[in-house]
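Source file: work-v3.txt (compact mmCIF, C-alpha atoms)
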```txt
# COMPACT_ATOMS: atom_id res chain seq x y z
CA ASP A 1 -31.58 14.05 -16.85
CA GLY A 2 -29.75 12.98 -13.69
CA ALA A 3 -26.50 14.84 -14.55
CA LEU A 4 -24.41 16.15 -11.66
CA SER A 5 -23.53 19.83 -11.50
CA GLY A 6 -21.81 21.94 -8.85
CA LYS A 7 -18.64 22.56 -6.90
CA ALA A 8 -17.45 21.53 -3.46
CA SER A 9 -14.30 22.06 -1.40
CA ILE A 10 -12.95 20.67 1.86
CA ASN A 11 -9.98 22.31 3.57
CA SER A 12 -8.14 21.43 6.77
CA SER A 13 -4.95 23.14 7.93
CA HIS A 14 -3.80 20.30 10.18
CA GLY A 15 -4.98 16.97 11.54
CA SER A 16 -3.76 13.72 13.05
CA ILE A 17 -4.89 10.20 13.91
CA SER A 18 -3.72 8.54 17.11
CA TYR A 19 -4.77 6.06 19.76
CA THR A 20 -6.63 7.76 22.60
CA ASP A 21 -4.14 6.43 25.17
CA HIS A 22 -1.18 7.67 23.09
CA ALA A 23 -2.46 11.02 21.87
CA ASP A 24 1.08 12.45 21.98
CA ALA A 25 2.30 9.88 19.42
CA PRO A 26 0.11 10.27 16.32
CA LEU A 27 0.16 7.46 13.77
CA LEU A 28 -0.67 9.81 10.90
CA GLN A 29 -0.47 13.59 10.50
CA TYR A 30 -1.38 15.86 7.61
CA ASP A 31 -1.08 19.56 6.79
CA GLN A 32 -2.93 21.82 4.36
CA LEU A 33 -5.38 19.20 3.15
CA GLN A 34 -7.46 20.43 0.21
CA LEU A 35 -10.13 18.46 -1.63
CA ASP A 36 -11.94 20.06 -4.57
CA ALA A 37 -14.74 18.62 -6.67
CA ASP A 38 -15.92 20.26 -9.90
CA LEU A 39 -19.00 18.54 -11.30
CA ALA A 40 -20.47 19.38 -14.71
CA PRO A 41 -22.62 17.34 -17.12
CA ALA A 42 -19.70 16.80 -19.54
CA MET A 43 -16.96 16.17 -16.96
CA GLN A 44 -16.48 15.54 -13.28
CA ARG A 45 -13.10 16.34 -11.71
CA ILE A 46 -11.82 15.63 -8.21
CA ASN A 47 -8.50 16.98 -6.90
CA VAL A 48 -6.81 16.22 -3.60
CA HIS A 49 -3.57 17.65 -2.20
CA SER A 50 -2.04 17.35 1.24
CA GLY A 51 1.25 17.43 3.08
CA LEU A 52 2.06 14.36 5.20
CA ASP A 53 4.51 13.53 7.99
CA ASN A 54 8.16 14.47 7.44
CA ASP A 55 7.81 16.15 4.04
CA GLY A 56 5.49 13.50 2.62
CA ARG A 57 2.90 14.37 -0.02
CA LEU A 58 -0.47 13.20 -1.31
CA ASP A 59 -1.47 14.56 -4.73
CA GLY A 60 -4.18 13.21 -6.96
CA GLN A 61 -6.65 14.00 -9.70
CA ILE A 62 -9.48 11.87 -11.08
CA ASN A 63 -11.60 12.84 -14.08
CA PHE A 64 -14.76 11.33 -15.53
CA SER A 65 -15.89 12.58 -18.93
CA GLY A 66 -18.48 11.84 -21.60
CA ALA A 67 -21.53 9.63 -21.68
CA LYS A 68 -19.40 6.52 -21.04
CA HIS A 69 -17.66 8.13 -18.05
CA ALA A 70 -14.14 7.82 -19.47
CA LEU A 71 -11.65 7.70 -16.62
CA SER A 72 -8.32 9.53 -16.40
CA GLY A 73 -6.07 10.81 -13.67
CA GLN A 74 -3.15 10.12 -11.41
CA LEU A 75 -2.40 9.54 -7.73
CA ASP A 76 1.00 10.15 -6.10
CA LEU A 77 1.69 9.19 -2.50
CA HIS A 78 5.03 9.70 -0.77
CA THR A 79 5.52 9.26 2.96
CA HIS A 80 8.43 8.62 5.30
CA GLU A 81 6.17 7.37 8.08
CA LEU A 82 4.42 3.99 8.09
CA ALA A 83 3.12 4.03 11.66
CA PHE A 84 -0.45 4.31 10.34
CA ILE A 85 -0.24 0.61 9.36
CA GLU A 86 -0.78 -0.14 13.04
CA LEU A 87 -4.34 1.14 12.62
CA PHE A 88 -5.12 -1.91 10.46
CA ASN A 89 -3.23 -4.58 12.38
CA ASN A 90 -2.97 -4.79 16.18
CA ASP A 91 -0.30 -7.51 16.00
CA ILE A 92 2.51 -5.20 14.87
CA ALA A 93 4.11 -2.20 16.56
CA ASN A 94 6.77 0.46 16.03
CA VAL A 95 6.41 0.35 12.26
CA LYS A 96 8.96 2.41 10.36
CA GLY A 97 9.89 2.92 6.72
CA ALA A 98 9.10 4.92 3.60
CA PHE A 99 6.44 4.45 0.91
CA ASN A 100 6.42 5.84 -2.62
CA GLY A 101 3.62 5.12 -5.06
CA THR A 102 2.44 6.46 -8.41
CA PHE A 103 -0.74 5.27 -10.11
CA HIS A 104 -2.32 6.29 -13.43
CA PHE A 105 -6.02 5.78 -14.13
CA ALA A 106 -7.62 5.08 -17.52
CA GLY A 107 -10.48 3.11 -19.04
CA SER A 108 -13.97 3.89 -17.80
CA LEU A 109 -15.89 3.97 -14.54
CA GLN A 110 -17.37 0.55 -15.42
CA GLN A 111 -14.02 -0.94 -16.52
CA PRO A 112 -11.19 1.01 -14.87
CA SER A 113 -7.55 0.47 -15.78
CA ILE A 114 -4.75 1.17 -13.33
CA ILE A 115 -1.06 1.31 -14.14
CA GLY A 116 1.41 2.00 -11.40
CA GLN A 117 4.10 1.05 -8.98
CA ALA A 118 4.62 1.14 -5.24
CA ASN A 119 7.80 0.77 -3.22
CA VAL A 120 8.51 0.33 0.47
CA ALA A 121 12.06 0.94 1.72
CA GLY A 122 13.70 0.71 5.13
CA PHE A 123 10.78 -1.22 6.61
CA ALA A 124 11.05 -2.21 10.27
CA ALA A 125 8.48 -3.44 12.76
CA GLU A 126 7.98 -5.50 15.88
CA VAL A 127 5.60 -8.44 16.34
CA PRO A 128 5.40 -8.67 20.14
CA ALA A 129 3.32 -11.85 20.29
CA ALA A 130 5.99 -13.73 18.33
CA GLY A 131 8.95 -11.88 19.84
CA LEU A 132 10.06 -10.63 16.43
CA LYS A 133 11.97 -7.57 15.33
CA LEU A 134 11.84 -7.18 11.56
CA SER A 135 14.27 -4.84 9.78
CA ASP A 136 15.78 -3.86 6.43
CA GLY A 137 12.50 -4.58 4.65
CA GLN A 138 12.15 -3.75 0.95
CA LEU A 139 9.12 -4.29 -1.29
CA ALA A 140 8.41 -3.32 -4.91
CA ILE A 141 5.04 -3.90 -6.61
CA ASN A 142 4.25 -3.05 -10.23
CA THR A 143 1.10 -3.49 -12.29
CA THR A 144 -0.04 -2.60 -15.80
CA ASP A 145 -3.67 -3.64 -15.45
CA ALA A 146 -4.51 -3.92 -11.70
CA ARG A 147 -4.99 -7.65 -12.29
CA GLN A 148 -1.44 -8.94 -12.48
CA PHE A 149 1.20 -7.70 -10.04
CA SER A 150 4.96 -8.11 -10.11
CA ILE A 151 6.29 -8.51 -6.56
CA HIS A 152 9.87 -8.36 -5.27
CA GLY A 153 10.80 -7.99 -1.63
CA SER A 154 12.87 -9.04 1.35
CA VAL A 155 13.00 -8.60 5.13
CA HIS A 156 15.52 -9.42 7.88
CA SER A 157 14.80 -11.19 11.18
CA GLY A 158 17.30 -12.57 13.67
CA LYS A 159 20.46 -13.70 11.89
CA GLY A 160 18.86 -14.19 8.49
CA ASN A 161 16.41 -12.94 5.94
CA VAL A 162 13.68 -14.07 3.57
CA THR A 163 12.91 -12.91 0.03
CA ILE A 164 9.74 -13.06 -2.06
CA ASP A 165 9.73 -12.84 -5.84
CA GLY A 166 7.22 -13.47 -8.62
CA ASN A 167 3.81 -12.49 -9.93
CA ALA A 168 0.42 -12.45 -8.25
CA GLY A 169 -2.94 -12.24 -10.01
CA ILE A 170 -6.41 -11.10 -8.98
CA GLY A 171 -9.55 -12.43 -10.67
CA ASN A 172 -11.27 -15.70 -11.53
CA ASP A 173 -8.79 -16.66 -14.28
CA ALA A 174 -5.69 -15.10 -12.70
CA GLN A 175 -2.52 -17.05 -12.03
CA THR A 176 0.02 -16.58 -9.27
CA THR A 177 3.59 -17.83 -8.98
CA LEU A 178 5.67 -16.72 -6.02
CA THR A 179 8.99 -17.99 -4.70
CA LEU A 180 9.87 -17.70 -1.02
CA LYS A 181 13.51 -18.23 -0.13
CA GLY A 182 15.48 -17.52 3.00
CA SER A 183 18.21 -18.53 5.40
CA GLN A 184 18.22 -18.54 9.22
CA PHE A 185 15.09 -16.39 9.33
CA THR A 186 13.75 -16.11 12.88
CA ALA A 187 9.99 -16.75 12.73
CA ILE A 188 9.27 -17.07 16.48
CA ASP A 189 11.42 -15.97 19.41
CA ILE A 190 9.58 -16.28 22.73
CA PRO A 191 10.39 -18.16 25.95
CA ALA A 192 8.19 -21.09 24.91
CA ALA A 193 9.60 -21.46 21.41
CA HIS A 194 12.44 -20.41 19.14
CA VAL A 195 11.82 -21.13 15.45
CA VAL A 196 14.37 -20.44 12.71
CA LEU A 197 13.49 -21.16 9.09
CA SER A 198 15.40 -21.49 5.81
CA PRO A 199 12.49 -21.73 3.36
CA ASP A 200 12.77 -22.59 -0.33
CA LEU A 201 9.18 -22.67 -1.54
CA VAL A 202 7.22 -22.06 -4.73
CA VAL A 203 3.56 -21.10 -4.37
CA LYS A 204 1.34 -21.44 -7.44
CA GLN A 205 -2.33 -20.62 -7.74
CA ASN A 206 -4.69 -20.96 -10.69
CA ALA A 207 -8.27 -22.00 -11.39
CA LYS A 208 -7.48 -25.51 -10.08
CA GLY A 209 -6.35 -24.28 -6.66
CA ILE A 210 -3.12 -23.71 -4.76
CA ASP A 211 0.04 -25.78 -5.19
CA LEU A 212 2.89 -25.51 -2.67
CA GLY A 213 6.24 -27.00 -3.57
CA GLY A 214 9.90 -26.67 -2.70
```
Once more with this new file: its structure as structure tokens, please.
Amino acid sequence: DGALSGKASINSSHGSISYTDHADAPLLQYDQLQLDADLAPAMQRINVHSGLDNDGRLDGQINFSGAKHALSGQLDLHTHELAFIELFNNDIANVKGAFNGTFHFAGSLQQPSIIGQANVAGFAAEVPAAGLKLSDGQLAINTTDARQFSIHGSVHSGKGNVTIDGNAGIGNDAQTTLTLKGSQFTAIDIPAAHVVLSPDLVVKQNAKGIDLGG
């Protein structure tokens, strides 16, 4: 009948990810990683638990049950190291800060629903190509449907800072309204150019396109 049945486990006492030329400075480390899958015709359950850098934690559970594959579960991620972001973007370096996120899953496998929030605090990073040193970054994102996201954040550069506030949507009929305000924010600081901005912009997006005003 095509139903899945069985159990599987993956365990790792310690591991890290780093650049080969900087093996002594890992971008991500974990301890006591355990992944368990329990598959039965009536329900499939996946659990993951792991320690992360500096007392961080990853804990999650996802369940699928019934003929319609009803979805339930939760994912919690807490880390005091953000260096792993450098794996996804070569333009930034020396990333620091803390991330805390909690997400709840519902709905079905075909139409999942995600409710959750994520926060970044104490963000700092360098952008060598632009001569930037970002600091005091804060970001809070909340969602009740994984389609519309409430966004609030700020970051410091040079003598000033910039803030972002509003709502962003994902999907064909989604709408986005974001305000970007700042004062004396250093955007470029290299020998060939020194650019300081004081933006006051409103970005709107809907089915008709993107509108930029300020």
Have a look at A:Ala42, A:Phe185, A:Ala121, A:Gly51 and name the one nearest to Gly15 of chain A; count only C-alpha atoms. A:Gly51
Which residues of segment 133-157 of chain A have any atom within 12 Å of an atom in segment 83-105 of chain A when counting all atoms listed in the file, and what is the closest pair of atoms for each, with the distance in Å to one decimal? Order the rows by chain and rising number and write it as JSON lines.
```
{"residue": "A:Lys133", "atom": "CA", "partner": "A:Asn94", "partner_atom": "CA", "distance": 9.6}
{"residue": "A:Leu134", "atom": "CA", "partner": "A:Val95", "partner_atom": "CA", "distance": 9.3}
{"residue": "A:Ser135", "atom": "CA", "partner": "A:Lys96", "partner_atom": "CA", "distance": 9.0}
{"residue": "A:Asp136", "atom": "CA", "partner": "A:Gly97", "partner_atom": "CA", "distance": 9.0}
{"residue": "A:Gly137", "atom": "CA", "partner": "A:Gly97", "partner_atom": "CA", "distance": 8.2}
{"residue": "A:Gln138", "atom": "CA", "partner": "A:Gly97", "partner_atom": "CA", "distance": 9.1}
{"residue": "A:Leu139", "atom": "CA", "partner": "A:Phe99", "partner_atom": "CA", "distance": 9.4}
{"residue": "A:Ala140", "atom": "CA", "partner": "A:Asn100", "partner_atom": "CA", "distance": 9.6}
{"residue": "A:Ile141", "atom": "CA", "partner": "A:Gly101", "partner_atom": "CA", "distance": 9.3}
{"residue": "A:Asn142", "atom": "CA", "partner": "A:Gly101", "partner_atom": "CA", "distance": 9.7}
{"residue": "A:Thr143", "atom": "CA", "partner": "A:Phe103", "partner_atom": "CA", "distance": 9.2}
{"residue": "A:Thr144", "atom": "CA", "partner": "A:His104", "partner_atom": "CA", "distance": 9.5}
{"residue": "A:Asp145", "atom": "CA", "partner": "A:Phe105", "partner_atom": "CA", "distance": 9.8}
{"residue": "A:Ala146", "atom": "CA", "partner": "A:Phe103", "partner_atom": "CA", "distance": 10.1}
```
Using atom CA of Lys208 of chain A and atom CA of Ala168 of chain A as the two end points, give the distance in Å to one decimal. 15.4 Å
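Using only C-alpha atoms, the nearest neighbour of Ala129 of chain A within the list A:Pro191, A:Gly214, A:Gly60, A:Gly66 is A:Pro191.
Shortest atom-to-atom contact with Gly160 of chain A among A:Leu197, A:Ile115, A:Ala70, A:Val120: A:Leu197, counting all atoms listed in the file.
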Which one of A:Gln148, A:Thr163, A:Ser198, A:Gln74 sits closest to Thr176 of chain A if you count only C-alpha atoms? A:Gln148
Give as a PDB file with C-alpha atoms, in the frame of the given file every residue, naming chains and numbers as the document does, that has an atom within 12 Å of (13.9, -24.6, 1.2), counting all atoms listed in the file.
```
ATOM      1  CA  VAL A 162      13.680 -14.070   3.570  1.00  0.00           C
ATOM      2  CA  THR A 163      12.910 -12.910   0.030  1.00  0.00           C
ATOM      3  CA  THR A 179       8.990 -17.990  -4.700  1.00  0.00           C
ATOM      4  CA  LEU A 180       9.870 -17.700  -1.020  1.00  0.00           C
ATOM      5  CA  LYS A 181      13.510 -18.230  -0.130  1.00  0.00           C
ATOM      6  CA  GLY A 182      15.480 -17.520   3.000  1.00  0.00           C
ATOM      7  CA  SER A 183      18.210 -18.530   5.400  1.00  0.00           C
ATOM      8  CA  GLN A 184      18.220 -18.540   9.220  1.00  0.00           C
ATOM      9  CA  PHE A 185      15.090 -16.390   9.330  1.00  0.00           C
ATOM     10  CA  LEU A 197      13.490 -21.160   9.090  1.00  0.00           C
ATOM     11  CA  SER A 198      15.400 -21.490   5.810  1.00  0.00           C
ATOM     12  CA  PRO A 199      12.490 -21.730   3.360  1.00  0.00           C
ATOM     13  CA  ASP A 200      12.770 -22.590  -0.330  1.00  0.00           C
ATOM     14  CA  LEU A 201       9.180 -22.670  -1.540  1.00  0.00           C
ATOM     15  CA  VAL A 202       7.220 -22.060  -4.730  1.00  0.00           C
ATOM     16  CA  LEU A 212       2.890 -25.510  -2.670  1.00  0.00           C
ATOM     17  CA  GLY A 213       6.240 -27.000  -3.570  1.00  0.00           C
ATOM     18  CA  GLY A 214       9.900 -26.670  -2.700  1.00  0.00           C
TER      19      GLY A 214
END
```
Check the smallest atom-to-atom distance from each of A:Ala207, A:Ala23, A:Leu71, A:Ala192 to Asp173 of chain A using all atoms listed in the file, then report the winner. A:Ala207
To one decimal place, how far is atom CA of Asp31 of chain A from atom CA of Ser72 of chain A in Å? 26.3 Å
Have a look at atom CA of Leu39 of chain A and atom CA of Arg57 of chain A and let me know their distance in Å, one decimal. 25.0 Å
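For His194 of chain A, the list of residues within 12 Å, based on only C-alpha atoms and with local chain neighbours fewer than 4 positions off taken out, reads A:Ala130, A:Gly131, A:Leu132, A:Gly158, A:Gln184, A:Phe185, A:Thr186, A:Ala187, A:Ile188, A:Asp189, A:Ile190.
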Residues of the last selection are to be written out with C-alpha atoms, as a PDB file, in the coordinates of the input.
```
ATOM      1  CA  ALA A 130       5.990 -13.730  18.330  1.00  0.00           C
ATOM      2  CA  GLY A 131       8.950 -11.880  19.840  1.00  0.00           C
ATOM      3  CA  LEU A 132      10.060 -10.630  16.430  1.00  0.00           C
ATOM      4  CA  GLY A 158      17.300 -12.570  13.670  1.00  0.00           C
ATOM      5  CA  GLN A 184      18.220 -18.540   9.220  1.00  0.00           C
ATOM      6  CA  PHE A 185      15.090 -16.390   9.330  1.00  0.00           C
ATOM      7  CA  THR A 186      13.750 -16.110  12.880  1.00  0.00           C
ATOM      8  CA  ALA A 187       9.990 -16.750  12.730  1.00  0.00           C
ATOM      9  CA  ILE A 188       9.270 -17.070  16.480  1.00  0.00           C
ATOM     10  CA  ASP A 189      11.420 -15.970  19.410  1.00  0.00           C
ATOM     11  CA  ILE A 190       9.580 -16.280  22.730  1.00  0.00           C
TER      12      ILE A 190
END
```
Counting all atoms listed in the file, figure out which residue out of A:Asp36, A:Val195, A:Asn172, A:Asp53 gets nearest to Ile17 of chain A. A:Asp53
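For segment 45-47 of chain A, the set of protein, DNA and RNA residues having any atom at most 10 Å away, when counting all atoms listed in the file and skipping those fewer than 3 positions along the same chain, is Lys7, Ala8, Ser9, Gln34, Leu35, Asp36, Ala37, Asp38, Leu39, Ala40, Asp59, Gly60, Gln61, Ile62, Asn63, Phe64, Ser65, Ser72, Gly73, Gln74 and Leu75 of chain A.
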At a cut-off of 6 Å from (-5.4, 18.5, 4.9) in the coordinates of the file, what residues are picked up using all atoms listed in the file, written as a ChimeraX atom specification? /A:12-14,30-34,50
